[in-house]
Each structure stands twice: as structure tokens, then as C-alpha cells.
file upload_17.pdb (PDB, C-alpha atoms and all ligand atoms)
MODEL        1
ATOM      1  CA  SER Y   1     -16.952 -17.254  18.312
ATOM      2  CA  ASP Y   2     -18.839 -14.201  19.600
ATOM      3  CA  LEU Y   3     -18.201 -12.402  16.317
ATOM      4  CA  HIS Y   4     -19.647 -15.286  14.310
ATOM      5  CA  ALA Y   5     -22.705 -15.349  16.588
ATOM      6  CA  LEU Y   6     -23.174 -11.609  16.003
ATOM      7  CA  ILE Y   7     -22.892 -12.091  12.224
ATOM      8  CA  GLU Y   8     -25.449 -14.886  12.295
ATOM      9  CA  ARG Y   9     -28.063 -13.006  14.303
ATOM     10  CA  LEU Y  10     -27.711  -9.591  12.626
ATOM     11  CA  PRO Y  11     -30.525  -8.773  10.195
ATOM     12  CA  LYS Y  12     -28.983  -8.216   6.776
ATOM     13  CA  ALA Y  13     -29.884  -7.161   3.262
ATOM     14  CA  GLU Y  14     -28.220  -8.806   0.291
ATOM     15  CA  LEU Y  15     -27.570  -6.439  -2.619
ATOM     16  CA  HIS Y  16     -25.289  -8.401  -4.964
ATOM     17  CA  LEU Y  17     -26.579 -11.845  -5.806
ATOM     18  CA  HIS Y  18     -26.920 -13.414  -9.248
ATOM     19  CA  LEU Y  19     -29.843 -15.852  -9.134
ATOM     20  CA  GLU Y  20     -28.162 -18.071 -11.718
ATOM     21  CA  GLY Y  21     -25.127 -18.117  -9.430
ATOM     22  CA  THR Y  22     -27.184 -19.799  -6.699
ATOM     23  CA  LEU Y  23     -27.621 -22.920  -8.834
ATOM     24  CA  GLU Y  24     -26.097 -25.590  -6.595
ATOM     25  CA  PRO Y  25     -24.545 -28.592  -8.392
ATOM     26  CA  GLU Y  26     -27.198 -30.933  -6.925
ATOM     27  CA  MET Y  27     -29.986 -28.871  -8.456
ATOM     28  CA  MET Y  28     -28.040 -28.518 -11.712
ATOM     29  CA  VAL Y  29     -27.787 -32.297 -12.036
ATOM     30  CA  ALA Y  30     -31.451 -32.770 -11.072
ATOM     31  CA  LEU Y  31     -32.679 -30.168 -13.573
ATOM     32  CA  ALA Y  32     -30.423 -31.551 -16.320
ATOM     33  CA  GLU Y  33     -32.170 -34.881 -15.769
ATOM     34  CA  ARG Y  34     -35.665 -33.349 -15.490
ATOM     35  CA  ASN Y  35     -35.235 -31.357 -18.724
ATOM     36  CA  GLY Y  36     -33.038 -33.739 -20.714
ATOM     37  CA  VAL Y  37     -30.252 -31.174 -20.998
ATOM     38  CA  ASP Y  38     -26.631 -32.284 -21.410
ATOM     39  CA  ILE Y  39     -24.112 -30.917 -18.910
ATOM     40  CA  PRO Y  40     -20.392 -31.689 -18.797
ATOM     41  CA  TYR Y  41     -20.624 -33.261 -15.316
ATOM     42  CA  ALA Y  42     -21.785 -36.769 -14.362
ATOM     43  CA  SER Y  43     -22.449 -35.755 -10.752
ATOM     44  CA  ALA Y  44     -22.687 -32.809  -8.387
ATOM     45  CA  GLN Y  45     -19.318 -33.812  -6.989
ATOM     46  CA  GLU Y  46     -17.750 -33.653 -10.439
ATOM     47  CA  ALA Y  47     -19.222 -30.207 -11.026
ATOM     48  CA  ARG Y  48     -17.795 -28.934  -7.733
ATOM     49  CA  LYS Y  49     -14.370 -30.253  -8.672
ATOM     50  CA  ALA Y  50     -14.474 -28.191 -11.869
ATOM     51  CA  TYR Y  51     -15.026 -24.980  -9.855
ATOM     52  CA  ASP Y  52     -11.429 -23.807  -9.781
ATOM     53  CA  PHE Y  53     -11.256 -20.474 -11.573
ATOM     54  CA  SER Y  54      -8.356 -18.404 -12.818
ATOM     55  CA  ASP Y  55     -10.326 -15.214 -13.464
ATOM     56  CA  LEU Y  56     -13.795 -13.791 -14.223
ATOM     57  CA  GLN Y  57     -13.961 -15.122 -17.805
ATOM     58  CA  ASP Y  58     -12.933 -18.596 -16.683
ATOM     59  CA  PHE Y  59     -15.854 -18.559 -14.221
ATOM     60  CA  LEU Y  60     -18.319 -17.065 -16.718
ATOM     61  CA  ASP Y  61     -17.597 -19.899 -19.165
ATOM     62  CA  LEU Y  62     -18.922 -22.444 -16.621
ATOM     63  CA  TYR Y  63     -21.663 -20.131 -15.340
ATOM     64  CA  TYR Y  64     -23.256 -19.894 -18.801
ATOM     65  CA  VAL Y  65     -23.022 -23.676 -19.258
ATOM     66  CA  GLY Y  66     -24.634 -24.314 -15.859
ATOM     67  CA  MET Y  67     -27.640 -22.101 -16.478
ATOM     68  CA  LYS Y  68     -28.620 -24.132 -19.568
ATOM     69  CA  VAL Y  69     -30.494 -26.526 -17.269
ATOM     70  CA  LEU Y  70     -32.969 -23.718 -16.472
ATOM     71  CA  VAL Y  71     -35.773 -24.180 -18.969
ATOM     72  CA  THR Y  72     -39.262 -23.976 -17.474
ATOM     73  CA  GLU Y  73     -41.075 -21.476 -15.279
ATOM     74  CA  ARG Y  74     -40.948 -24.105 -12.515
ATOM     75  CA  ASP Y  75     -37.121 -24.277 -12.805
ATOM     76  CA  PHE Y  76     -36.807 -20.522 -12.237
ATOM     77  CA  HIS Y  77     -39.279 -20.755  -9.380
ATOM     78  CA  ASP Y  78     -37.433 -23.638  -7.696
ATOM     79  CA  LEU Y  79     -34.042 -21.943  -8.100
ATOM     80  CA  THR Y  80     -35.297 -18.697  -6.597
ATOM     81  CA  LEU Y  81     -37.068 -20.378  -3.699
ATOM     82  CA  ALA Y  82     -33.982 -22.455  -2.864
ATOM     83  CA  TYR Y  83     -31.941 -19.236  -2.672
ATOM     84  CA  PHE Y  84     -34.423 -17.591  -0.333
ATOM     85  CA  GLU Y  85     -34.455 -20.640   1.958
ATOM     86  CA  ARG Y  86     -30.687 -20.204   2.364
ATOM     87  CA  ALA Y  87     -31.026 -16.450   2.748
ATOM     88  CA  HIS Y  88     -33.621 -17.024   5.473
ATOM     89  CA  ALA Y  89     -31.202 -19.322   7.305
ATOM     90  CA  ASP Y  90     -28.650 -16.473   7.195
ATOM     91  CA  ASN Y  91     -31.172 -13.965   8.600
ATOM     92  CA  VAL Y  92     -31.391 -11.983   5.378
ATOM     93  CA  ARG Y  93     -34.468  -9.742   5.631
ATOM     94  CA  HIS Y  94     -34.323  -8.098   2.216
ATOM     95  CA  ALA Y  95     -32.640  -9.067  -1.062
ATOM     96  CA  GLU Y  96     -32.152  -7.201  -4.332
ATOM     97  CA  ILE Y  97     -31.406  -9.998  -6.755
ATOM     98  CA  PHE Y  98     -29.890  -9.996 -10.229
ATOM     99  CA  LEU Y  99     -31.287 -11.944 -13.133
ATOM    100  CA  ASP Y 100     -29.426 -12.276 -16.470
ATOM    101  CA  PRO Y 101     -32.317 -12.544 -18.965
ATOM    102  CA  GLN Y 102     -29.954 -12.659 -21.948
ATOM    103  CA  GLY Y 103     -28.360 -15.808 -20.525
ATOM    104  CA  HIS Y 104     -31.751 -17.391 -21.203
ATOM    105  CA  THR Y 105     -33.298 -15.537 -24.160
ATOM    106  CA  GLU Y 106     -30.105 -16.089 -26.201
ATOM    107  CA  ARG Y 107     -30.723 -19.860 -25.958
ATOM    108  CA  GLY Y 108     -34.413 -19.646 -26.757
ATOM    109  CA  ILE Y 109     -36.039 -19.348 -23.319
ATOM    110  CA  ASP Y 110     -38.867 -16.844 -23.212
ATOM    111  CA  PHE Y 111     -38.224 -13.708 -21.124
ATOM    112  CA  ASP Y 112     -41.680 -13.954 -19.566
ATOM    113  CA  VAL Y 113     -41.056 -17.571 -18.493
ATOM    114  CA  CYS Y 114     -38.053 -16.424 -16.430
ATOM    115  CA  MET Y 115     -39.973 -13.504 -14.970
ATOM    116  CA  ARG Y 116     -43.034 -15.523 -13.969
ATOM    117  CA  GLY Y 117     -40.931 -18.208 -12.274
ATOM    118  CA  VAL Y 118     -38.739 -15.776 -10.351
ATOM    119  CA  LEU Y 119     -41.526 -13.406  -9.318
ATOM    120  CA  SER Y 120     -43.877 -16.138  -8.088
ATOM    121  CA  ALA Y 121     -41.060 -17.403  -5.842
ATOM    122  CA  CYS Y 122     -40.446 -13.858  -4.561
ATOM    123  CA  GLU Y 123     -44.111 -13.601  -3.595
ATOM    124  CA  GLU Y 124     -44.064 -16.993  -1.892
ATOM    125  CA  THR Y 125     -40.918 -15.935  -0.020
ATOM    126  CA  GLU Y 126     -42.512 -12.786   1.324
ATOM    127  CA  GLU Y 127     -45.449 -14.820   2.662
ATOM    128  CA  ARG Y 128     -43.375 -17.686   4.084
ATOM    129  CA  PHE Y 129     -40.275 -15.918   5.391
ATOM    130  CA  ALA Y 130     -41.234 -12.217   5.471
ATOM    131  CA  ILE Y 131     -38.188 -11.526   3.291
ATOM    132  CA  THR Y 132     -38.835  -8.624   0.926
ATOM    133  CA  SER Y 133     -37.128  -8.500  -2.456
ATOM    134  CA  LYS Y 134     -36.524  -6.417  -5.540
ATOM    135  CA  LEU Y 135     -35.431  -7.548  -8.971
ATOM    136  CA  ILE Y 136     -32.522  -6.109 -10.979
ATOM    137  CA  LEU Y 137     -32.130  -7.171 -14.604
ATOM    138  CA  CYS Y 138     -28.543  -7.188 -15.829
ATOM    139  CA  PHE Y 139     -27.461  -6.529 -19.379
ATOM    140  CA  LEU Y 140     -24.596  -8.744 -20.508
ATOM    141  CA  ARG Y 141     -21.840  -6.273 -21.372
ATOM    142  CA  ASP Y 142     -20.005  -8.632 -23.740
ATOM    143  CA  LEU Y 143     -23.133  -8.593 -25.954
ATOM    144  CA  SER Y 144     -24.105  -5.625 -28.116
ATOM    145  CA  GLU Y 145     -25.933  -2.409 -27.251
ATOM    146  CA  GLU Y 146     -28.636  -3.533 -29.662
ATOM    147  CA  LYS Y 147     -29.197  -6.759 -27.682
ATOM    148  CA  ALA Y 148     -29.425  -4.716 -24.488
ATOM    149  CA  PHE Y 149     -32.103  -2.523 -26.085
ATOM    150  CA  GLU Y 150     -34.066  -5.682 -27.047
ATOM    151  CA  THR Y 151     -33.893  -6.779 -23.415
ATOM    152  CA  LEU Y 152     -35.070  -3.381 -22.182
ATOM    153  CA  GLU Y 153     -37.985  -3.643 -24.613
ATOM    154  CA  ALA Y 154     -38.947  -7.032 -23.115
ATOM    155  CA  CYS Y 155     -38.955  -5.379 -19.668
ATOM    156  CA  LYS Y 156     -41.714  -2.945 -20.566
ATOM    157  CA  PRO Y 157     -44.691  -5.139 -19.628
ATOM    158  CA  TRP Y 158     -42.994  -5.862 -16.282
ATOM    159  CA  LEU Y 159     -41.874  -2.392 -15.252
ATOM    160  CA  ASP Y 160     -43.832  -2.369 -11.998
ATOM    161  CA  ARG Y 161     -41.962  -5.536 -10.937
ATOM    162  CA  ILE Y 162     -38.447  -4.430 -11.922
ATOM    163  CA  GLU Y 163     -36.497  -2.093  -9.660
ATOM    164  CA  ALA Y 164     -33.335  -1.500 -11.638
ATOM    165  CA  VAL Y 165     -31.107  -2.490 -14.506
ATOM    166  CA  GLY Y 166     -27.541  -3.666 -13.985
ATOM    167  CA  LEU Y 167     -24.452  -4.471 -16.023
ATOM    168  CA  ALA Y 168     -22.713  -7.834 -15.662
ATOM    169  CA  SER Y 169     -20.439 -10.368 -17.405
ATOM    170  CA  ALA Y 170     -16.976  -9.764 -18.897
ATOM    171  CA  GLU Y 171     -15.797  -6.341 -17.721
ATOM    172  CA  LYS Y 172     -12.452  -5.929 -19.449
ATOM    173  CA  GLY Y 173     -12.878  -4.376 -22.893
ATOM    174  CA  ASN Y 174     -16.575  -3.659 -22.238
ATOM    175  CA  PRO Y 175     -16.586  -0.226 -20.574
ATOM    176  CA  PRO Y 176     -19.756   1.253 -19.068
ATOM    177  CA  SER Y 177     -19.903   3.870 -21.867
ATOM    178  CA  LYS Y 178     -20.863   1.095 -24.318
ATOM    179  CA  PHE Y 179     -24.292   1.152 -22.605
ATOM    180  CA  ALA Y 180     -24.732   4.914 -22.155
ATOM    181  CA  ARG Y 181     -27.842   5.118 -24.327
ATOM    182  CA  VAL Y 182     -29.580   2.024 -22.990
ATOM    183  CA  PHE Y 183     -29.017   3.170 -19.381
ATOM    184  CA  GLN Y 184     -30.465   6.586 -20.273
ATOM    185  CA  ALA Y 185     -33.501   4.829 -21.779
ATOM    186  CA  ALA Y 186     -33.848   2.723 -18.597
ATOM    187  CA  ALA Y 187     -33.708   5.889 -16.476
ATOM    188  CA  ASP Y 188     -36.415   7.425 -18.669
ATOM    189  CA  LEU Y 189     -38.585   4.389 -17.854
ATOM    190  CA  GLY Y 190     -38.134   5.130 -14.140
ATOM    191  CA  LEU Y 191     -35.673   2.306 -13.448
ATOM    192  CA  LYS Y 192     -32.760   2.640 -11.054
ATOM    193  CA  ARG Y 193     -29.302   1.733 -12.289
ATOM    194  CA  VAL Y 194     -26.357  -0.279 -10.981
ATOM    195  CA  ALA Y 195     -23.255  -1.619 -12.709
ATOM    196  CA  HIS Y 196     -20.427  -4.031 -12.011
ATOM    197  CA  ALA Y 197     -17.318  -1.845 -12.129
ATOM    198  CA  GLY Y 198     -13.796  -2.138 -10.803
ATOM    199  CA  GLU Y 199     -14.007  -5.914 -10.315
ATOM    200  CA  GLU Y 200     -11.343  -6.643 -12.938
ATOM    201  CA  GLY Y 201     -11.610  -3.384 -14.837
ATOM    202  CA  PRO Y 202      -9.798  -0.194 -13.806
ATOM    203  CA  ALA Y 203     -10.879   2.685 -11.548
ATOM    204  CA  GLU Y 204     -11.761   4.610 -14.727
ATOM    205  CA  TYR Y 205     -14.660   2.180 -15.316
ATOM    206  CA  VAL Y 206     -16.028   3.043 -11.855
ATOM    207  CA  GLU Y 207     -15.838   6.716 -12.732
ATOM    208  CA  GLU Y 208     -17.560   6.058 -16.075
ATOM    209  CA  ALA Y 209     -20.353   4.119 -14.372
ATOM    210  CA  LEU Y 210     -20.970   7.183 -12.176
ATOM    211  CA  ASP Y 211     -20.589   9.863 -14.858
ATOM    212  CA  VAL Y 212     -22.043   8.154 -17.921
ATOM    213  CA  LEU Y 213     -24.480   5.544 -16.555
ATOM    214  CA  LYS Y 214     -25.489   7.658 -13.516
ATOM    215  CA  VAL Y 215     -25.593   4.553 -11.353
ATOM    216  CA  ASP Y 216     -27.151   4.448  -7.888
ATOM    217  CA  ARG Y 217     -24.697   1.754  -6.699
ATOM    218  CA  ILE Y 218     -21.397   0.251  -7.770
ATOM    219  CA  ASP Y 219     -21.187  -3.544  -7.797
ATOM    220  CA  HIS Y 220     -17.745  -4.586  -6.472
ATOM    221  CA  GLY Y 221     -15.775  -1.322  -6.897
ATOM    222  CA  ASN Y 222     -12.549  -2.789  -5.496
ATOM    223  CA  ARG Y 223     -10.313  -1.101  -8.034
ATOM    224  CA  ALA Y 224     -11.663   2.338  -7.074
ATOM    225  CA  LEU Y 225      -9.097   2.209  -4.265
ATOM    226  CA  ASP Y 226      -6.381   2.778  -6.906
ATOM    227  CA  ASP Y 227      -7.620   6.379  -7.296
ATOM    228  CA  MET Y 228      -7.784   8.466  -4.112
ATOM    229  CA  ALA Y 229      -9.731  11.303  -5.795
ATOM    230  CA  LEU Y 230     -12.367   8.745  -6.742
ATOM    231  CA  VAL Y 231     -12.356   7.364  -3.182
ATOM    232  CA  ARG Y 232     -13.070  10.868  -1.856
ATOM    233  CA  ARG Y 233     -15.927  11.229  -4.323
ATOM    234  CA  LEU Y 234     -17.437   7.852  -3.373
ATOM    235  CA  LYS Y 235     -17.244   8.816   0.287
ATOM    236  CA  ALA Y 236     -18.665  12.325  -0.206
ATOM    237  CA  THR Y 237     -21.653  10.931  -2.141
ATOM    238  CA  ALA Y 238     -22.168   7.955   0.211
ATOM    239  CA  MET Y 239     -22.039   5.668  -2.815
ATOM    240  CA  THR Y 240     -22.773   2.066  -1.905
ATOM    241  CA  LEU Y 241     -20.253  -0.582  -2.975
ATOM    242  CA  THR Y 242     -21.620  -4.132  -3.107
ATOM    243  CA  VAL Y 243     -18.467  -6.051  -2.251
ATOM    244  CA  CYS Y 244     -18.158  -9.844  -2.543
ATOM    245  CA  PRO Y 245     -15.145 -11.231  -0.642
ATOM    246  CA  LEU Y 246     -15.378 -14.936  -1.528
ATOM    247  CA  SER Y 247     -16.017 -14.054  -5.170
ATOM    248  CA  ASN Y 248     -12.916 -11.850  -5.236
ATOM    249  CA  LEU Y 249     -10.908 -14.720  -3.738
ATOM    250  CA  ALA Y 250     -12.321 -17.345  -6.138
ATOM    251  CA  LEU Y 251     -11.696 -15.162  -9.210
ATOM    252  CA  LYS Y 252      -8.218 -14.133  -8.058
ATOM    253  CA  GLY Y 253      -9.019 -10.463  -7.531
ATOM    254  CA  VAL Y 254      -7.118 -11.037  -4.289
ATOM    255  CA  ALA Y 255      -4.481 -13.732  -3.796
ATOM    256  CA  ARG Y 256      -5.518 -14.327  -0.169
ATOM    257  CA  LEU Y 257      -8.567 -13.213   1.802
ATOM    258  CA  GLU Y 258      -6.137 -11.489   4.202
ATOM    259  CA  ASP Y 259      -5.402  -9.082   1.327
ATOM    260  CA  HIS Y 260      -9.074  -8.216   0.814
ATOM    261  CA  PRO Y 261      -9.814  -4.453   0.900
ATOM    262  CA  ILE Y 262     -13.119  -4.631   2.837
ATOM    263  CA  ARG Y 263     -11.524  -3.392   6.075
ATOM    264  CA  THR Y 264      -9.718  -0.579   4.223
ATOM    265  CA  MET Y 265     -12.984   0.463   2.582
ATOM    266  CA  LEU Y 266     -14.667   0.811   5.981
ATOM    267  CA  ASP Y 267     -11.654   2.634   7.432
ATOM    268  CA  LEU Y 268     -11.834   5.088   4.501
ATOM    269  CA  GLY Y 269     -15.468   5.773   5.366
ATOM    270  CA  LEU Y 270     -16.881   4.135   2.250
ATOM    271  CA  ARG Y 271     -20.372   2.627   2.333
ATOM    272  CA  ALA Y 272     -19.217  -0.931   1.697
ATOM    273  CA  THR Y 273     -21.491  -3.946   2.007
ATOM    274  CA  VAL Y 274     -20.806  -7.699   2.046
ATOM    275  CA  ASN Y 275     -22.583  -9.954  -0.433
ATOM    276  CA  SER Y 276     -22.298 -13.410  -1.947
ATOM    277  CA  ASP Y 277     -22.344 -12.795  -5.761
ATOM    278  CA  ASP Y 278     -22.529 -16.415  -7.032
ATOM    279  CA  PRO Y 279     -22.603 -18.445  -3.812
ATOM    280  CA  ALA Y 280     -23.046 -21.879  -5.436
ATOM    281  CA  TYR Y 281     -19.784 -21.321  -7.324
ATOM    282  CA  PHE Y 282     -17.693 -19.343  -4.832
ATOM    283  CA  GLY Y 283     -18.121 -21.382  -1.666
ATOM    284  CA  GLY Y 284     -20.552 -19.571   0.566
ATOM    285  CA  TYR Y 285     -23.696 -17.579   1.146
ATOM    286  CA  VAL Y 286     -23.775 -14.182   2.799
ATOM    287  CA  ASN Y 287     -22.963 -15.183   6.387
ATOM    288  CA  GLU Y 288     -20.007 -17.221   5.180
ATOM    289  CA  ASN Y 289     -18.756 -14.124   3.338
ATOM    290  CA  TYR Y 290     -19.039 -12.075   6.550
ATOM    291  CA  ARG Y 291     -17.367 -14.758   8.699
ATOM    292  CA  ARG Y 292     -14.464 -15.496   6.369
ATOM    293  CA  ALA Y 293     -13.825 -11.807   5.643
ATOM    294  CA  ALA Y 294     -14.084 -10.876   9.325
ATOM    295  CA  ASP Y 295     -11.600 -13.566  10.348
ATOM    296  CA  ALA Y 296      -9.186 -12.788   7.508
ATOM    297  CA  VAL Y 297      -8.917  -9.013   7.881
ATOM    298  CA  GLY Y 298      -9.838  -8.674  11.548
ATOM    299  CA  LEU Y 299     -13.210  -6.924  11.393
ATOM    300  CA  THR Y 300     -14.460  -5.660  14.758
ATOM    301  CA  ARG Y 301     -17.999  -5.994  16.105
ATOM    302  CA  GLU Y 302     -18.528  -2.348  15.135
ATOM    303  CA  ASP Y 303     -17.317  -3.072  11.569
ATOM    304  CA  VAL Y 304     -19.714  -5.979  11.221
ATOM    305  CA  ILE Y 305     -22.629  -3.919  12.547
ATOM    306  CA  GLN Y 306     -21.694  -1.101  10.149
ATOM    307  CA  LEU Y 307     -21.659  -3.540   7.211
ATOM    308  CA  ALA Y 308     -25.127  -4.824   8.085
ATOM    309  CA  LYS Y 309     -26.433  -1.249   8.487
ATOM    310  CA  ASN Y 310     -24.861  -0.295   5.172
ATOM    311  CA  SER Y 311     -26.710  -3.147   3.491
ATOM    312  CA  PHE Y 312     -30.051  -1.519   4.351
ATOM    313  CA  LEU Y 313     -28.837   2.055   3.799
ATOM    314  CA  GLY Y 314     -27.609   1.071   0.336
ATOM    315  CA  SER Y 315     -30.803  -0.756  -0.594
ATOM    316  CA  PHE Y 316     -33.592   0.593  -2.781
ATOM    317  CA  LEU Y 317     -36.070   0.374   0.076
ATOM    318  CA  GLY Y 318     -37.885   3.583   0.985
ATOM    319  CA  GLU Y 319     -36.592   5.749   3.822
ATOM    320  CA  GLU Y 320     -39.180   4.518   6.350
ATOM    321  CA  GLU Y 321     -38.563   0.904   5.413
ATOM    322  CA  ILE Y 322     -34.816   1.370   5.841
ATOM    323  CA  TYR Y 323     -35.168   2.917   9.286
ATOM    324  CA  ALA Y 324     -37.503   0.107  10.336
ATOM    325  CA  HIS Y 325     -34.572  -2.288   9.696
ATOM    326  CA  LEU Y 326     -31.830  -0.293  11.479
TER     327      LEU Y 326
HETATM  328  N1  LIG R 401     -18.975 -10.381 -12.368
HETATM  329  C1  LIG R 401     -19.525 -10.078 -13.539
HETATM  330  N2  LIG R 401     -20.573 -10.736 -14.021
HETATM  331  C2  LIG R 401     -21.093 -11.727 -13.303
HETATM  332  C3  LIG R 401     -20.562 -12.079 -12.092
HETATM  333  C4  LIG R 401     -19.441 -11.369 -11.591
HETATM  334  O1  LIG R 401     -18.905 -11.618 -10.504
HETATM  335  N3  LIG R 401     -21.313 -13.112 -11.632
HETATM  336  C5  LIG R 401     -22.268 -13.356 -12.543
HETATM  337  N4  LIG R 401     -22.142 -12.521 -13.566
HETATM  338 ZN    ZN R 402     -21.696  -9.988  -9.576
ENDMDL
END
call {"tool": "encode", "arguments": {"input": "upload_17.pdb", "output": "C-alpha cells", "more": "lines below"}}
Ligand code: HPA
Ligand code: ZN
result
Amino acid sequence: SDLHALIERLPKAELHLHLEGTLEPEMMVALAERNGVDIPYASAQEARKAYDFSDLQDFLDLYYVGMKVLVTERDFHDLTLAYFERAHADNVRHAEIFLDPQGHTERGIDFDVCMRGVLSACEETEERFAITSKLILCFLRDLSEEKAFETLEACKPWLDRIEAVGLASAEKGNPPSKFARVFQAAADLGLKRVAHAGEEGPAEYVEEALDVLKVDRIDHGNRALDDMALVRRLKATAMTLTVCPLSNLALKGVARLEDHPIRTMLDLGLRATVNSDDPAYFGGYVNENYRRAADAVGLTREDVIQLAKNSFLGSFLGEEEIYAHL
């Protein structure tokens, strides 16, 4: 359709993308073989069949198993480059990508190995595809504050290559306030801050991310709509929400895509964006998220253009760089 053609040709930024969530089953099987790592699937097809999730934790359980095949610098490089090839096909011009270092350091992979592999692929991407990128390192919120501080310490030699810290993994029972001190320390190092909030957790966690973690963006934020005072605050401060429709469908945040709040968010004047989260697990990269959401909730051409604009406005690019994209 015309709307799909518009989506495909619009320049976009992607602001909510877990690199480890771009690990396609084919690459998982190939890397398992290359590194002699055991995975619970005999084939890519078998892995895909297992991707039927009841909630966030159910997904995370498989996500942490899948990433065990990532061992060498070359693995992180190949994974990252494969993502950017897909992003290029979707006309993504800028990406701010999440890495979960603790998903690797906790199983004995060196922090610097991950960083070298990812960053060399980012450089290659800028040369080959003219896609710019920034890196956001997420703390795993189901692990301790102490572990997060160890991760922040490992960041110090890489500060000029890290844009922000984030907060990911199991939200329920792990409120933003658990990481108040480590986010303050990250701010003191000059890092920007984002946090997953209001994906499964309540509107109060969104408020806490703003008040306690002083975040520059909210990842997901769906549940903020339960609190109209919070909605007014998000609108008044032009707070960016990095929304992920196919993720919300896959993890049962919404029963049907027709029930997805993306259209409501735009109608309320919120700076919502569309992103792919863990595309290898949730059934589509960024354009597929735009297309499926647009069809399901009836986005207009103006809505789609606004979403693409919001993706640059909500990015951590400088003002001149943002306006060059609009
Ligand atoms: N939510 C929280 N943590 C995550 C996700 C998500 O959707 N994907 C990868 N880590
Ligand atoms: Zn996410």
C-alpha cells in the first residue's frame, strides 16, 4: 500500500534495540557450532518454534540462553554487522543500540571483548552504510546494585564510546530506585540515562525513573497511560517513549495489536517512537513494527511521519545533526 511505501522510504532512527535480541536462529546455530556451545535447539527452525512467550520473564529465560553462543570478539562483530545490514534495508539512518554486558561477563566473557567486537562493527557500518550509531549499556535490574557498579567500573576506559546507561531485564519487583546510586554515578561520569519502565511494571516505575534516575528517555512507557497526571508531565517535558509494538504483542502486554496504545500516545501529544526491541525473537525489524502497528490501529500518513520525526528528535544526536535528518 501507499502507507507501507511511505514507511519503507522514510529515514528513521532506531532507539530501542537490544543487540543480543537481533541474534537470528540461523546465526545462533552457526555460532553454537563455531564455538562448541550447547543450545537446546537442533536447528534454526526448532528455535523459532520455541519462541512463544507468555510474558517478559518467559522471553528473558530464552534470551539469556541464546546469547551464550556469543563468545569471541568476531561473534559480537558479526552480530552487530548483521543487525546494521537489516537496519540499512529498512532505511534506518541512525541507531542507539543496547548491549547487556552482564549477560556476557556473568558467564566469563571479557567486557572488552564485547566492546571491541561491537564498536568495530559500528565503525564499519558508518563507512559502508553511512548509518551513525551510539551505544547504550544496560544494567540488568534483576542483578544487584553492586554488580551494576562493577559494570560501570568496566565502562571507564570506554567512556568516549558510550553514550548512555540503561536498565533492562525483569521489571516487576526491580524498581528504578534500586539503581539510584549507580545512575547518579553514571551521570557524574557524563553519561546519559534511559530505563525500561512501564513495560510490565506500573506507572509508578515510570515516575521513579524520571524522579530518581533522572532519565533522558523512557523505554516502553506503555503503563504511563494509566496515570493522566503522568501523561501530562510526559507531554509537557517532551519525554521520548521508545515503544515496541511487536514486542508488546509477543510478551502479551497487549492481547491484540489492535489494542496497542501507539495511536493513543500520538493523539495525546506524547513523543512516541516505534522500535523493534528484540527483532529476532518478536517477528520483525523496525519497518515491520511500523507496518503492523499502522495497519492494526489505523495510523495516518501524518502519524507515520510524526513517528519518524520523533525518532530523530528523541535521539542523542546534537541539535544540528537532528535538524539535518528532519
Ligand atoms: N524488556 C526488558 N529487558 C529486555 C527486553 C525487554 O523487552 N529485551 C531485552 N532485555
Ligand atoms: Zn527492550
call {"tool": "residues_near_ligand", "arguments": {"input": "upload_17.pdb", "ligand": "ligand ZN 402 (chain R)", "cutoff": "12 Å", "atoms": "all atoms listed in the file", "output": "PyMOL selection string"}}
result
chain Y and resi 14-22+56+59-60+63+97-100+136-140+166-171+194-200+218-221+241-248+251+274-279+281-282
call {"tool": "axis_aligned_box", "arguments": {"input": "upload_17.pdb", "around": "ligand LIG 401 (chain R)", "padding_each_side": "8 Å", "output": "AutoDock Vina command-line options"}}
result
--center_x -20.6 --center_y -11.7 --center_z -12.3 --size_x 19.4 --size_y 19.3 --size_z 19.5
call {"tool": "residues_around", "arguments": {"input": "upload_17.pdb", "residues": "Asp303 of chain Y", "least_positions_apart": "6", "cutoff": "9 Å", "atoms": "all atoms listed in the file", "output": "PyMOL selection string"}}
result
chain Y and resi 263+266+294
call {"tool": "resolve_selection", "arguments": {"input": "upload_17.pdb", "expression": "the PyMOL selection byres (((chain Y and resi 88) around 12) and not hetatm)", "output": "count of residues only"}}
result
31
call {"tool": "resolve_selection", "arguments": {"input": "upload_17.pdb", "expression": "the PyMOL selection byres (((chain Y and resi 191) around 12) and not hetatm)", "output": "MDAnalysis selection string"}}
result
chainID Y and resid 134:137 152 155:156 158:166 182:190 192:194 214:216 316
call {"tool": "closest_residue", "arguments": {"input": "upload_17.pdb", "among": "Y:Gly318, Y:Pro261, Y:Gly298, Y:Pro176", "to": "Leu3 of chain Y", "atoms": "all atoms listed in the file"}}
result
Y:Gly298
call {"tool": "resolve_selection", "arguments": {"input": "upload_17.pdb", "expression": "the PyMOL selection byres (((chain Y and resi 325) around 9) and not hetatm)", "output": "PyMOL selection string"}}
result
chain Y and resi 11-12+93+309+312+320-324+326
call {"tool": "closest_residue", "arguments": {"input": "upload_17.pdb", "among": "Y:Met27, Y:Ala5, Y:Ala280, Y:Ala209", "to": "ligand LIG 401 (chain R)", "atoms": "only C-alpha atoms and all ligand atoms"}}
result
Y:Ala280
call {"tool": "closest_residue", "arguments": {"input": "upload_17.pdb", "among": "Y:Glu146, Y:Val29, Y:Gln57, Y:Leu70", "to": "Arg107 of chain Y", "atoms": "only C-alpha atoms"}}
result
Y:Leu70
call {"tool": "closest_residue", "arguments": {"input": "upload_17.pdb", "among": "Y:Tyr51, Y:Phe111, Y:Tyr64, Y:Phe179", "to": "ligand LIG 401 (chain R)", "atoms": "all atoms listed in the file"}}
result
Y:Tyr64
call {"tool": "closest_residue", "arguments": {"input": "upload_17.pdb", "among": "Y:Val297, Y:Leu210, Y:Leu62, Y:Ala272", "to": "ligand LIG 401 (chain R)", "atoms": "all atoms listed in the file"}}
result
Y:Leu62
call {"tool": "atom_distance", "arguments": {"input": "upload_17.pdb", "atom1": "atom CA of Gln45 of chain Y", "atom2": "atom CA of Arg291 of chain Y"}}
result
24.8 Å
call {"tool": "closest_residue", "arguments": {"input": "upload_17.pdb", "among": "Y:Pro40, Y:Asp2, Y:Ala250, Y:Ala203", "to": "ligand LIG 401 (chain R)", "atoms": "only C-alpha atoms and all ligand atoms"}}
result
Y:Ala250
call {"tool": "decode", "arguments": {"input": "upload_17.pdb", "residues": "segment 279-292 of chain Y", "atoms": "C-alpha atoms", "output": "compact mmCIF listing (two decimals), in the first residue's frame"}}
result
# COMPACT_ATOMS: atom_id res chain seq x y z
CA PRO Y 279 13.54 -8.35 16.43
CA ALA Y 280 14.95 -11.88 16.05
CA TYR Y 281 12.58 -13.04 18.80
CA PHE Y 282 9.50 -10.88 18.22
CA GLY Y 283 8.96 -11.28 14.49
CA GLY Y 284 10.16 -8.14 12.80
CA TYR Y 285 12.61 -5.31 12.38
CA VAL Y 286 11.66 -1.65 12.56
CA ASN Y 287 9.71 -1.32 9.31
CA GLU Y 288 7.67 -4.39 10.18
CA ASN Y 289 6.83 -2.76 13.53
CA TYR Y 290 5.66 0.40 11.72
CA ARG Y 291 3.64 -1.55 9.12
CA ARG Y 292 1.92 -3.92 11.53
